[in-house]
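K.L.:
Can you read through this structure? Questions will come right after.
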Amino acid sequence: MKEGTLEVVTNHSSLLGECPVWDESNKTVKWVDIINGDLHSFKTGSEEMETFNTGSMTGAVVVRSSGGMIAALKEGFAAINLNQQSCTLIASPADHPGIRFNDGKCDAAGRFWAGTMSLNGTPGKGKLYVLNADFSIDIKLEDISCSNGVGWSLDNTKFYFIDTPTRQVVAYDYDLINCIISKKKVIITIPESEGLPDGMTVDADGMLWIALWGGWKIIQCDPFTGARLHEIKLPVSNVTSCCFGGDEFEDLYITSARTGLTPEKLSSQPLAGYLFVIKNSGCKGLAPYSFAG
Ligand code: CA
């Protein structure tokens, strides 16, 4: 694969940059800073970043078909209208305090899948939820420690999921119509020396691009064989997630974090927390699904 050059998108460092998503309606890349509760937006060529603060820790954000965005805040799912600068809670799971939402994404039916994790790192306190178009919430998985990357096979018969501390990427059989996952199978295990699997995206060939927290890289893997196809090294240790964007979905956007790094470590990776892009990556992604409600 012939790849373009890695660039910094804009001169901004997030504490915990996450969940990049391409917004086709206005050709922007959006991403969150989970801890600060910021939703960032950058229009290619404008050299300007816009930021909306949700007022709460913001784990994930998706584009809404009817306009605006849906975010997974600490308290639950919220509708965001950037024109009106408003953020309204629409649905909240009956969860106990000490939990926050983390990564999430929409499936081909326009449901928003997002999972949770404990704020103090207690294992097994997280769940994976689905927000339906009517704003009802279903629980899909329990006893999760750090719910992270989600994705689907191109034919929507597989659901891919990462619970970060397991160091595994798992696949479930997926029934898109009835929204049922079954038959868990481990497809990839990340060696301890390479960090922890975090966010991921699926490309136009159905391959997985997985961000490695503490691993200084993004890897491309074949979910059917588990084979590693490609690696992209980053100048930062905590690589958190990635997505494809741009006119032809040929640009790979990559988020990172600076939280938890000592001043010493930070001085050796001054770009920690930045959003990166590889324009004309040599690989293509697909338009993300938007929330149907
Ligand atoms: Ca993540």
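Ligands are numbered from 1 in the order shown, residues from 1 within each chain, and chains are lettered A, B, ... in the order they appear in the structure tokens.
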Please provide as a list in words all residues within 8 Å of range 159-162 of chain A, with the sequence filter that same-chain residues fewer than 4 positions apart are discarded (counting only C-alpha atoms).

P.N.:
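Listing them by chain and then by number gives Ser147, Asn148, Gly149, Val150, Gly151, Trp152, Ser153, Thr166, Arg167, Gln168, Val169, Val170, Ala171, Tyr172, Asp173, Tyr174, Ile181, Pro197, Asp198 and Gly199 of chain A.
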
K.L.:
Around ligand 1, out to 12 Å and counting only C-alpha atoms and all ligand atoms, which residues are there? I want them as a VMD selection string.

P.N.:
chain A and resid 16 to 20 31 to 35 58 to 61 101 to 105 114 to 117 146 to 150 161 to 165 196 to 201 210 to 213 238 to 242 254 to 257

K.L.:
Hey, what does DSSP flag as strand (DSSP E or B) within range 194-240 of chain A? Can you give it to me as a list of chain:residue names?

P.N.:
A:Leu196, A:Pro197, A:Asp198, A:Gly199, A:Met200, A:Thr201, A:Val202, A:Leu208, A:Trp209, A:Ile210, A:Ala211, A:Leu212, A:Trp213, A:Lys217, A:Ile218, A:Ile219, A:Gln220, A:Cys221, A:Arg228, A:Leu229, A:His230, A:Glu231, A:Ile232, A:Lys233, A:Asn238, A:Val239, A:Thr240

K.L.:
Considering only C-alpha atoms, can you say which of A:Thr189, A:Glu75, A:Asp247, A:Val8 comes closest to Leu234 in chain A?

P.N.:
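Looking only at the distances to Leu234 in chain A, the closest residue turns out to be A:Val8.
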
K.L.:
Using only C-alpha atoms, which residues sit within 8 Å of range 40-47 of chain A once same-chain residues fewer than 4 positions away are excluded, as a list in words?

P.N.:
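Counting only the stated atoms, we get Thr10, Asn26, Lys27, Thr28, Val29, Lys30, Trp31, Val32, Asp33, Thr51 and Phe52 of chain A.
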
K.L.:
Those selected residues, please, written with N, CA and C atoms and delivered as a compact mmCIF listing (two decimals), in the first residue's frame.

P.N.:
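Result file follows (again-v4.txt):
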```txt
# COMPACT_ATOMS: atom_id res chain seq x y z
N THR A 10 -4.76 20.18 12.86
CA THR A 10 -4.88 21.53 13.41
C THR A 10 -4.08 21.62 14.69
N ASN A 26 -21.52 18.61 5.89
CA ASN A 26 -20.74 19.85 5.74
C ASN A 26 -19.25 19.59 5.56
N LYS A 27 -18.93 18.35 5.15
CA LYS A 27 -17.54 17.99 4.83
C LYS A 27 -16.57 18.35 5.95
N THR A 28 -16.94 17.97 7.14
CA THR A 28 -16.05 18.23 8.27
C THR A 28 -15.68 16.91 8.94
N VAL A 29 -14.53 16.92 9.60
CA VAL A 29 -14.21 15.82 10.50
C VAL A 29 -14.54 16.30 11.90
N LYS A 30 -15.24 15.45 12.64
CA LYS A 30 -15.60 15.79 14.01
C LYS A 30 -14.93 14.78 14.93
N TRP A 31 -14.58 15.20 16.13
CA TRP A 31 -14.04 14.30 17.13
C TRP A 31 -14.31 14.87 18.51
N VAL A 32 -14.16 14.06 19.53
CA VAL A 32 -14.45 14.53 20.88
C VAL A 32 -13.18 14.55 21.73
N ASP A 33 -13.21 15.39 22.75
CA ASP A 33 -12.24 15.30 23.83
C ASP A 33 -13.07 14.82 25.02
N THR A 51 -15.37 24.47 18.25
CA THR A 51 -15.55 23.60 19.42
C THR A 51 -16.86 23.92 20.12
N PHE A 52 -17.61 22.86 20.41
CA PHE A 52 -18.82 23.00 21.22
C PHE A 52 -18.61 22.18 22.49
```

K.L.:
What does the distance from CA of Gly110 in chain A to CA of Lys74 in chain A come to in Å, to one decimal?

P.N.:
21.4 Å
